[in-house]
$ cat structure_34.cif   # mmCIF, C-alpha atoms and all ligand atoms; chains and numbers go by the auth columns
data_entry
loop_
_atom_site.group_PDB
_atom_site.id
_atom_site.type_symbol
_atom_site.label_atom_id
_atom_site.label_comp_id
_atom_site.label_asym_id
_atom_site.label_seq_id
_atom_site.Cartn_x
_atom_site.Cartn_y
_atom_site.Cartn_z
_atom_site.B_iso_or_equiv
_atom_site.auth_seq_id
_atom_site.auth_asym_id
ATOM 1 C CA MET A 1 0.000 0.000 0.000 0.00 1 A
ATOM 2 C CA ILE A 2 1.273 3.407 -0.989 0.00 2 A
ATOM 3 C CA PRO A 3 0.127 6.146 1.428 0.00 3 A
ATOM 4 C CA LYS A 4 -1.866 9.041 -0.023 0.00 4 A
ATOM 5 C CA TYR A 5 0.823 11.684 0.569 0.00 5 A
ATOM 6 C CA VAL A 6 3.227 9.771 -1.689 0.00 6 A
ATOM 7 C CA LYS A 7 2.926 10.788 -5.318 0.00 7 A
ATOM 8 C CA ILE A 8 3.221 8.097 -7.955 0.00 8 A
ATOM 9 C CA LEU A 9 5.145 8.847 -11.101 0.00 9 A
ATOM 10 C CA ALA A 10 4.747 6.374 -13.956 0.00 10 A
ATOM 11 C CA ALA A 11 8.231 5.717 -15.354 0.00 11 A
ATOM 12 C CA SER A 12 7.136 5.100 -18.904 0.00 12 A
ATOM 13 C CA LYS A 13 10.308 4.716 -20.971 0.00 13 A
ATOM 14 C CA THR A 14 9.844 2.059 -23.687 0.00 14 A
ATOM 15 C CA ARG A 15 6.108 1.769 -22.897 0.00 15 A
ATOM 16 C CA SER A 16 3.675 2.381 -25.736 0.00 16 A
ATOM 17 C CA VAL A 17 1.338 5.347 -25.969 0.00 17 A
ATOM 18 C CA SER A 18 -1.659 3.107 -25.314 0.00 18 A
ATOM 19 C CA GLU A 19 -0.050 1.604 -22.211 0.00 19 A
ATOM 20 C CA ILE A 20 0.669 5.087 -20.879 0.00 20 A
ATOM 21 C CA GLN A 21 -2.799 6.353 -21.801 0.00 21 A
ATOM 22 C CA LYS A 22 -4.248 3.520 -19.762 0.00 22 A
ATOM 23 C CA VAL A 23 -2.412 4.525 -16.583 0.00 23 A
ATOM 24 C CA ILE A 24 -3.421 8.165 -17.099 0.00 24 A
ATOM 25 C CA ASP A 25 -7.035 7.095 -17.531 0.00 25 A
ATOM 26 C CA ASP A 26 -6.676 5.018 -14.347 0.00 26 A
ATOM 27 C CA GLY A 27 -5.697 8.148 -12.418 0.00 27 A
ATOM 28 C CA ILE A 28 -1.904 8.438 -12.543 0.00 28 A
ATOM 29 C CA SER A 29 -1.140 12.137 -12.882 0.00 29 A
ATOM 30 C CA ILE A 30 2.646 12.251 -13.299 0.00 30 A
ATOM 31 C CA ILE A 31 4.447 10.687 -16.236 0.00 31 A
ATOM 32 C CA GLY A 32 8.253 10.416 -16.318 0.00 32 A
ATOM 33 C CA GLU A 33 10.316 9.838 -19.434 0.00 33 A
ATOM 34 C CA ASN A 34 14.068 9.313 -19.889 0.00 34 A
ATOM 35 C CA TYR A 35 14.738 10.441 -23.437 0.00 35 A
ATOM 36 C CA VAL A 36 13.719 13.745 -24.979 0.00 36 A
ATOM 37 C CA LYS A 37 12.958 12.441 -28.462 0.00 37 A
ATOM 38 C CA GLU A 38 10.851 9.518 -27.240 0.00 38 A
ATOM 39 C CA ALA A 39 9.059 11.792 -24.785 0.00 39 A
ATOM 40 C CA LYS A 40 8.213 14.330 -27.459 0.00 40 A
ATOM 41 C CA GLU A 41 6.715 11.756 -29.808 0.00 41 A
ATOM 42 C CA LYS A 42 4.605 10.178 -27.091 0.00 42 A
ATOM 43 C CA LYS A 43 3.412 13.391 -25.447 0.00 43 A
ATOM 44 C CA ALA A 44 1.929 14.581 -28.721 0.00 44 A
ATOM 45 C CA LEU A 45 -0.379 11.551 -28.692 0.00 45 A
ATOM 46 C CA LEU A 46 -1.381 11.424 -25.029 0.00 46 A
ATOM 47 C CA LYS A 47 -4.707 12.838 -23.857 0.00 47 A
ATOM 48 C CA GLY A 48 -5.898 14.169 -20.527 0.00 48 A
ATOM 49 C CA SER A 49 -4.122 16.205 -17.925 0.00 49 A
ATOM 50 C CA PHE A 50 -0.872 15.049 -16.409 0.00 50 A
ATOM 51 C CA GLU A 51 2.460 16.429 -15.295 0.00 51 A
ATOM 52 C CA PHE A 52 5.389 15.431 -17.442 0.00 52 A
ATOM 53 C CA HIS A 53 8.800 14.945 -15.765 0.00 53 A
ATOM 54 C CA MET A 54 12.260 14.296 -17.170 0.00 54 A
ATOM 55 C CA ILE A 55 13.865 11.468 -15.158 0.00 55 A
ATOM 56 C CA GLY A 56 16.698 10.468 -17.495 0.00 56 A
ATOM 57 C CA HIS A 57 20.180 11.879 -17.880 0.00 57 A
ATOM 58 C CA LEU A 58 19.892 15.170 -19.750 0.00 58 A
ATOM 59 C CA GLN A 59 22.337 16.183 -22.452 0.00 59 A
ATOM 60 C CA LYS A 60 23.173 19.853 -22.739 0.00 60 A
ATOM 61 C CA ASN A 61 22.094 20.079 -26.347 0.00 61 A
ATOM 62 C CA LYS A 62 18.598 18.807 -25.448 0.00 62 A
ATOM 63 C CA ILE A 63 17.860 21.394 -22.785 0.00 63 A
ATOM 64 C CA LYS A 64 15.871 23.762 -24.955 0.00 64 A
ATOM 65 C CA ASP A 65 13.520 20.994 -26.083 0.00 65 A
ATOM 66 C CA ALA A 66 13.342 19.540 -22.591 0.00 66 A
ATOM 67 C CA ILE A 67 12.197 22.793 -21.016 0.00 67 A
ATOM 68 C CA GLN A 68 9.382 23.152 -23.509 0.00 68 A
ATOM 69 C CA LEU A 69 8.312 19.561 -23.150 0.00 69 A
ATOM 70 C CA PHE A 70 8.601 18.858 -19.435 0.00 70 A
ATOM 71 C CA ASP A 71 7.093 20.485 -16.357 0.00 71 A
ATOM 72 C CA MET A 72 10.071 19.471 -14.239 0.00 72 A
ATOM 73 C CA ILE A 73 13.585 18.086 -14.706 0.00 73 A
ATOM 74 C CA GLN A 74 14.460 15.655 -11.900 0.00 74 A
ATOM 75 C CA THR A 75 18.028 14.976 -12.954 0.00 75 A
ATOM 76 C CA VAL A 76 20.053 18.152 -12.459 0.00 76 A
ATOM 77 C CA ASP A 77 23.489 17.190 -11.156 0.00 77 A
ATOM 78 C CA SER A 78 25.761 20.053 -12.142 0.00 78 A
ATOM 79 C CA PHE A 79 25.843 23.819 -11.997 0.00 79 A
ATOM 80 C CA GLU A 80 26.527 23.869 -15.719 0.00 80 A
ATOM 81 C CA LEU A 81 23.274 22.059 -16.467 0.00 81 A
ATOM 82 C CA ALA A 82 21.309 24.305 -14.126 0.00 82 A
ATOM 83 C CA SER A 83 22.812 27.473 -15.653 0.00 83 A
ATOM 84 C CA GLU A 84 21.888 26.300 -19.095 0.00 84 A
ATOM 85 C CA ILE A 85 18.316 25.680 -17.937 0.00 85 A
ATOM 86 C CA SER A 86 18.203 29.131 -16.324 0.00 86 A
ATOM 87 C CA LYS A 87 19.496 30.738 -19.498 0.00 87 A
ATOM 88 C CA ARG A 88 16.807 29.137 -21.631 0.00 88 A
ATOM 89 C CA ALA A 89 13.836 29.260 -19.278 0.00 89 A
ATOM 90 C CA THR A 90 11.609 32.309 -19.133 0.00 90 A
ATOM 91 C CA THR A 91 10.128 31.756 -15.683 0.00 91 A
ATOM 92 C CA LYS A 92 11.457 29.968 -12.625 0.00 92 A
ATOM 93 C CA TYR A 93 11.850 26.437 -13.884 0.00 93 A
ATOM 94 C CA PRO A 94 11.418 23.635 -11.305 0.00 94 A
ATOM 95 C CA VAL A 95 14.208 21.111 -10.924 0.00 95 A
ATOM 96 C CA LEU A 96 15.247 18.365 -8.558 0.00 96 A
ATOM 97 C CA ILE A 97 18.886 17.725 -7.717 0.00 97 A
ATOM 98 C CA GLU A 98 19.885 14.160 -8.482 0.00 98 A
ATOM 99 C CA VAL A 99 21.924 12.671 -5.657 0.00 99 A
ATOM 100 C CA ASN A 100 24.283 9.750 -6.216 0.00 100 A
ATOM 101 C CA SER A 101 23.315 8.483 -2.799 0.00 101 A
ATOM 102 C CA GLY A 102 25.118 5.160 -3.089 0.00 102 A
ATOM 103 C CA GLU A 103 28.279 6.981 -4.191 0.00 103 A
ATOM 104 C CA GLU A 104 28.569 4.611 -7.135 0.00 104 A
ATOM 105 C CA SER A 105 31.151 5.709 -9.689 0.00 105 A
ATOM 106 C CA GLU A 106 29.119 4.521 -12.683 0.00 106 A
ATOM 107 C CA LYS A 107 25.959 6.400 -11.728 0.00 107 A
ATOM 108 C CA SER A 108 24.989 9.965 -12.462 0.00 108 A
ATOM 109 C CA GLY A 109 24.025 12.380 -9.733 0.00 109 A
ATOM 110 C CA VAL A 110 26.012 14.547 -7.381 0.00 110 A
ATOM 111 C CA ASN A 111 27.918 13.085 -4.455 0.00 111 A
ATOM 112 C CA PRO A 112 26.027 13.563 -1.151 0.00 112 A
ATOM 113 C CA THR A 113 28.875 15.627 0.318 0.00 113 A
ATOM 114 C CA LYS A 114 28.545 18.113 -2.550 0.00 114 A
ATOM 115 C CA VAL A 115 24.772 18.523 -2.655 0.00 115 A
ATOM 116 C CA LEU A 116 24.524 21.508 -0.308 0.00 116 A
ATOM 117 C CA ASP A 117 27.198 23.493 -2.168 0.00 117 A
ATOM 118 C CA LEU A 118 25.511 22.763 -5.473 0.00 118 A
ATOM 119 C CA VAL A 119 22.084 23.757 -4.152 0.00 119 A
ATOM 120 C CA ARG A 120 23.488 27.038 -2.812 0.00 120 A
ATOM 121 C CA LYS A 121 25.121 27.816 -6.147 0.00 121 A
ATOM 122 C CA ILE A 122 22.024 26.945 -8.161 0.00 122 A
ATOM 123 C CA SER A 123 19.903 29.085 -5.847 0.00 123 A
ATOM 124 C CA THR A 124 21.650 32.168 -7.265 0.00 124 A
ATOM 125 C CA LEU A 125 20.331 31.497 -10.779 0.00 125 A
ATOM 126 C CA PRO A 126 17.402 33.703 -11.804 0.00 126 A
ATOM 127 C CA ASN A 127 15.256 31.200 -13.698 0.00 127 A
ATOM 128 C CA VAL A 128 15.563 27.984 -11.746 0.00 128 A
ATOM 129 C CA ILE A 129 13.841 26.882 -8.572 0.00 129 A
ATOM 130 C CA VAL A 130 15.024 23.831 -6.639 0.00 130 A
ATOM 131 C CA LYS A 131 11.993 21.794 -5.581 0.00 131 A
ATOM 132 C CA GLY A 132 13.731 18.864 -3.935 0.00 132 A
ATOM 133 C CA LEU A 133 15.978 15.866 -4.407 0.00 133 A
ATOM 134 C CA MET A 134 15.862 12.745 -6.530 0.00 134 A
ATOM 135 C CA THR A 135 17.890 9.574 -6.160 0.00 135 A
ATOM 136 C CA MET A 136 18.129 6.107 -7.658 0.00 136 A
ATOM 137 C CA GLY A 137 20.104 4.453 -4.844 0.00 137 A
ATOM 138 C CA PRO A 138 21.991 1.197 -5.091 0.00 138 A
ATOM 139 C CA VAL A 139 20.112 -1.863 -6.369 0.00 139 A
ATOM 140 C CA GLU A 140 21.270 -3.914 -3.388 0.00 140 A
ATOM 141 C CA ASN A 141 20.330 -2.611 0.068 0.00 141 A
ATOM 142 C CA PRO A 142 19.293 0.927 -0.789 0.00 142 A
ATOM 143 C CA ARG A 143 18.008 1.764 2.704 0.00 143 A
ATOM 144 C CA MET A 144 21.060 3.592 4.044 0.00 144 A
ATOM 145 C CA ALA A 145 21.416 5.591 0.827 0.00 145 A
ATOM 146 C CA PHE A 146 17.749 6.594 1.039 0.00 146 A
ATOM 147 C CA ARG A 147 18.164 7.522 4.693 0.00 147 A
ATOM 148 C CA LYS A 148 21.155 9.707 3.873 0.00 148 A
ATOM 149 C CA THR A 149 19.203 11.428 1.089 0.00 149 A
ATOM 150 C CA LYS A 150 16.298 12.140 3.435 0.00 150 A
ATOM 151 C CA GLN A 151 18.701 13.640 5.993 0.00 151 A
ATOM 152 C CA LEU A 152 20.125 15.912 3.307 0.00 152 A
ATOM 153 C CA PHE A 153 16.611 16.856 2.246 0.00 153 A
ATOM 154 C CA ASP A 154 15.616 17.783 5.795 0.00 154 A
ATOM 155 C CA SER A 155 18.773 19.708 6.576 0.00 155 A
ATOM 156 C CA ILE A 156 18.627 21.760 3.374 0.00 156 A
ATOM 157 C CA LYS A 157 14.935 22.398 3.939 0.00 157 A
ATOM 158 C CA ALA A 158 15.658 23.776 7.409 0.00 158 A
ATOM 159 C CA MET A 159 18.129 26.296 5.947 0.00 159 A
ATOM 160 C CA LYS A 160 15.368 28.145 4.103 0.00 160 A
ATOM 161 C CA ILE A 161 17.597 29.106 1.199 0.00 161 A
ATOM 162 C CA PRO A 162 15.921 31.543 -1.227 0.00 162 A
ATOM 163 C CA ASN A 163 14.846 29.835 -4.473 0.00 163 A
ATOM 164 C CA VAL A 164 14.957 26.475 -2.730 0.00 164 A
ATOM 165 C CA GLU A 165 11.666 24.878 -1.761 0.00 165 A
ATOM 166 C CA MET A 166 12.402 21.398 -0.516 0.00 166 A
ATOM 167 C CA GLU A 167 9.051 19.746 -1.215 0.00 167 A
ATOM 168 C CA ILE A 168 9.712 16.685 -3.331 0.00 168 A
ATOM 169 C CA LEU A 169 11.840 13.715 -2.334 0.00 169 A
ATOM 170 C CA SER A 170 11.750 11.461 -5.388 0.00 170 A
ATOM 171 C CA MET A 171 13.102 8.052 -4.425 0.00 171 A
ATOM 172 C CA GLY A 172 12.044 4.457 -4.850 0.00 172 A
ATOM 173 C CA MET A 173 11.327 2.317 -7.890 0.00 173 A
ATOM 174 C CA SER A 174 9.428 -0.975 -8.303 0.00 174 A
ATOM 175 C CA ASP A 175 11.938 -3.008 -6.313 0.00 175 A
ATOM 176 C CA SER A 176 12.636 -0.396 -3.658 0.00 176 A
ATOM 177 C CA TYR A 177 9.611 1.833 -3.169 0.00 177 A
ATOM 178 C CA GLU A 178 8.501 0.263 0.110 0.00 178 A
ATOM 179 C CA VAL A 179 11.892 0.848 1.710 0.00 179 A
ATOM 180 C CA ALA A 180 12.014 4.335 0.161 0.00 180 A
ATOM 181 C CA ILE A 181 8.646 5.264 1.695 0.00 181 A
ATOM 182 C CA GLU A 182 9.765 3.961 5.080 0.00 182 A
ATOM 183 C CA GLU A 183 12.799 6.228 4.740 0.00 183 A
ATOM 184 C CA GLY A 184 10.774 9.335 3.905 0.00 184 A
ATOM 185 C CA SER A 185 10.160 9.386 0.157 0.00 185 A
ATOM 186 C CA ASN A 186 7.127 11.335 -1.027 0.00 186 A
ATOM 187 C CA MET A 187 7.384 10.476 -4.724 0.00 187 A
ATOM 188 C CA VAL A 188 7.987 6.997 -6.119 0.00 188 A
ATOM 189 C CA ARG A 189 8.858 6.307 -9.745 0.00 189 A
ATOM 190 C CA LEU A 190 7.286 3.059 -10.868 0.00 190 A
ATOM 191 C CA GLY A 191 7.859 1.254 -14.153 0.00 191 A
ATOM 192 C CA LYS A 192 7.637 -2.531 -13.934 0.00 192 A
ATOM 193 C CA SER A 193 5.185 -2.745 -11.055 0.00 193 A
ATOM 194 C CA LEU A 194 2.781 -0.355 -12.775 0.00 194 A
ATOM 195 C CA PHE A 195 3.008 -1.508 -16.380 0.00 195 A
ATOM 196 C CA GLU A 196 3.616 -5.221 -15.967 0.00 196 A
ATOM 197 C CA ASN A 197 0.582 -6.101 -13.906 0.00 197 A
HETATM 198 C C1 LIG B . 13.065 3.122 -15.379 0.00 201 A
HETATM 199 C C2 LIG B . 13.176 4.033 -14.246 0.00 201 A
HETATM 200 C C3 LIG B . 12.391 3.875 -13.101 0.00 201 A
HETATM 201 C C4 LIG B . 11.412 2.732 -12.905 0.00 201 A
HETATM 202 O O1 LIG B . 12.072 1.523 -12.745 0.00 201 A
HETATM 203 P P1 LIG B . 11.235 0.173 -12.433 0.00 201 A
HETATM 204 O O2 LIG B . 12.230 -0.743 -11.850 0.00 201 A
HETATM 205 O O3 LIG B . 10.717 -0.301 -13.767 0.00 201 A
HETATM 206 O O4 LIG B . 10.151 0.540 -11.516 0.00 201 A
HETATM 207 C C5 LIG B . 12.519 4.825 -12.096 0.00 201 A
HETATM 208 N N1 LIG B . 13.380 5.850 -12.185 0.00 201 A
HETATM 209 C C6 LIG B . 14.157 6.025 -13.267 0.00 201 A
HETATM 210 C C7 LIG B . 15.086 7.174 -13.306 0.00 201 A
HETATM 211 C C8 LIG B . 14.092 5.121 -14.324 0.00 201 A
HETATM 212 O O5 LIG B . 14.885 5.290 -15.392 0.00 201 A
#

$ encode --input "structure_34.cif" --output "structure tokens"
Amino acid sequence: MIPKYVKILAASKTRSVSEIQKVIDDGISIIGENYVKEAKEKKALLKGSFEFHMIGHLQKNKIKDAIQLFDMIQTVDSFELASEISKRATTKYPVLIEVNSGEESEKSGVNPTKVLDLVRKISTLPNVIVKGLMTMGPVENPRMAFRKTKQLFDSIKAMKIPNVEMEILSMGMSDSYEVAIEEGSNMVRLGKSLFEN
């Protein structure tokens, strides 16, 4: 059971338009895609109202398209990326900072020890607003990584930094969402468990 305060994002990469339409019709109101081109093609065909989030690694040359297409980018992990978003956005564009909470060298996201500095730096940009943190976490035993991300989330929230509204803690996927919710997640990103039922 997923508590009411936890938002469900349908991670819909590789799923067909009709599969995604079905989850929207069933009441899912946030759709997350990983690739700009795929997202653009699908969004044009989807009906109804939903938020559209970027949850994949974003290339610099796709930022302009991404801003137009998505309501939020969950995968900001560098000042460079955030500056580019700020340059191209016309109003305060909502982003999450992606944390490499398991400190795994092959994964994207910013190291936990560097999150606060990055948030402070991004908070100086005119057209970006930080709305929270996102993390994947390690496949094996993600609990401690989730716990660390929640602690970061709470401590940054308490600092009341201008342009930083720590509201969304996006963590947990099909295999880890229960642990993630226990550790304080308020947005889970579900692919398999939602589409393969
Ligand atoms: C694919 C994906 C998910 C969902 O993964 P499942 O294991 O299918 O639930 C969540 N987050 C991101 C960033 C993804 O790429």

$ residues_near_ligand --input "structure_34.cif" --ligand "ligand LIG 201 (chain A)" --cutoff "7 Å" --atoms "all atoms listed in the file" --output "list of chain:residue names"
A:Ala11, A:Lys13, A:Asn34, A:Ile55, A:Gly56, A:Met136, A:Met173, A:Ser174, A:Asp175, A:Arg189, A:Leu190, A:Gly191, A:Lys192, A:Ser193

$ axis_aligned_box --input "structure_34.cif" --around "range 50-68 of chain A" --padding-each-side "4 Å" --output "AutoDock Vina command-line options"
--center_x 11.2 --center_y 17.1 --center_z -20.8 --size_x 32.0 --size_y 21.3 --size_z 19.2

$ resolve_selection --input "structure_34.cif" --expression "the PyMOL selection byres (((chain A and resi 87) around 10) and not hetatm)" --output "ChimeraX atom specification"
/A:64,81-86,88-90,125-128

$ residues_around --input "structure_34.cif" --residues "Asn163 in chain A" --least-positions-apart "2" --cutoff "9 Å" --atoms "all atoms listed in the file" --output "CSV table (one decimal) with C-alpha atoms, keeping the file's coordinate frame"
chain,number,residue,atom,x,y,z
A,92,LYS,CA,11.5,30.0,-12.6
A,122,ILE,CA,22.0,26.9,-8.2
A,123,SER,CA,19.9,29.1,-5.8
A,124,THR,CA,21.6,32.2,-7.3
A,125,LEU,CA,20.3,31.5,-10.8
A,126,PRO,CA,17.4,33.7,-11.8
A,128,VAL,CA,15.6,28.0,-11.7
A,129,ILE,CA,13.8,26.9,-8.6
A,130,VAL,CA,15.0,23.8,-6.6
A,131,LYS,CA,12.0,21.8,-5.6
A,160,LYS,CA,15.4,28.1,4.1
A,161,ILE,CA,17.6,29.1,1.2
A,165,GLU,CA,11.7,24.9,-1.8

$ residues_around --input "structure_34.cif" --residues "Phe146 in chain A" --least-positions-apart "4" --cutoff "8 Å" --atoms "all atoms listed in the file" --output "number ranges by chain"
A: 101, 135, 137, 142, 150, 171, 180, 183

$ residues_around --input "structure_34.cif" --residues "Met54 in chain A" --least-positions-apart "3" --cutoff "7 Å" --atoms "only C-alpha atoms" --output "PyMOL selection string"
chain A and resi 32-34+70+72-74

$ write_last_selection --input "structure_34.cif" --atoms "C-alpha atoms" --output "compact mmCIF listing (two decimals), in the coordinates of the input"
# COMPACT_ATOMS: atom_id res chain seq x y z
CA GLY A 32 8.25 10.42 -16.32
CA GLU A 33 10.32 9.84 -19.43
CA ASN A 34 14.07 9.31 -19.89
CA PHE A 70 8.60 18.86 -19.43
CA MET A 72 10.07 19.47 -14.24
CA ILE A 73 13.58 18.09 -14.71
CA GLN A 74 14.46 15.66 -11.90

$ atom_distance --input "structure_34.cif" --atom1 "CA of Glu38 in chain A" --atom2 "CA of Tyr93 in chain A"
21.6 Å

$ residues_around --input "structure_34.cif" --residues "Ser16 in chain A" --least-positions-apart "3" --cutoff "12 Å" --atoms "all atoms listed in the file" --output "CSV table (one decimal) with C-alpha atoms, keeping the file's coordinate frame"
chain,number,residue,atom,x,y,z
A,11,ALA,CA,8.2,5.7,-15.4
A,12,SER,CA,7.1,5.1,-18.9
A,13,LYS,CA,10.3,4.7,-21.0
A,19,GLU,CA,0.0,1.6,-22.2
A,20,ILE,CA,0.7,5.1,-20.9
A,21,GLN,CA,-2.8,6.4,-21.8
A,22,LYS,CA,-4.2,3.5,-19.8
A,23,VAL,CA,-2.4,4.5,-16.6
A,33,GLU,CA,10.3,9.8,-19.4
A,38,GLU,CA,10.9,9.5,-27.2
A,39,ALA,CA,9.1,11.8,-24.8
A,41,GLU,CA,6.7,11.8,-29.8
A,42,LYS,CA,4.6,10.2,-27.1
A,43,LYS,CA,3.4,13.4,-25.4
A,45,LEU,CA,-0.4,11.6,-28.7
A,46,LEU,CA,-1.4,11.4,-25.0
A,195,PHE,CA,3.0,-1.5,-16.4

$ atom_distance --input "structure_34.cif" --atom1 "CA of Leu133 in chain A" --atom2 "CA of Leu152 in chain A"
8.8 Å

$ closest_residue --input "structure_34.cif" --among "A:Tyr177, A:Gly102, A:Lys62, A:Asn141" --to "Met1 in chain A" --atoms "all atoms listed in the file"
A:Tyr177

$ closest_residue --input "structure_34.cif" --among "A:Arg143, A:Lys157, A:His53, A:Lys60" --to "Ile30 in chain A" --atoms "only C-alpha atoms"
A:His53

$ closest_residue --input "structure_34.cif" --among "A:Gln68, A:Asn100, A:Ser155, A:Thr91" --to "Leu116 in chain A" --atoms "only C-alpha atoms"
A:Ser155

$ atom_distance --input "structure_34.cif" --atom1 "CA of Glu196 in chain A" --atom2 "CA of Ser18 in chain A"
13.6 Å

$ resolve_selection --input "structure_34.cif" --expression "the PyMOL selection byres (((chain A and resi 48) around 8) and not hetatm)" --output "MDAnalysis selection string"
chainID A and resid 24:25 46:47 49:50

$ closest_residue --input "structure_34.cif" --among "A:Thr14, A:Ser185, A:Ser176, A:Asn61" --to "Asp154 in chain A" --atoms "all atoms listed in the file"
A:Ser185

$ closest_residue --input "structure_34.cif" --among "A:Asp117, A:Lys4, A:Leu9, A:Val95" --to "Gly172 in chain A" --atoms "all atoms listed in the file"
A:Leu9
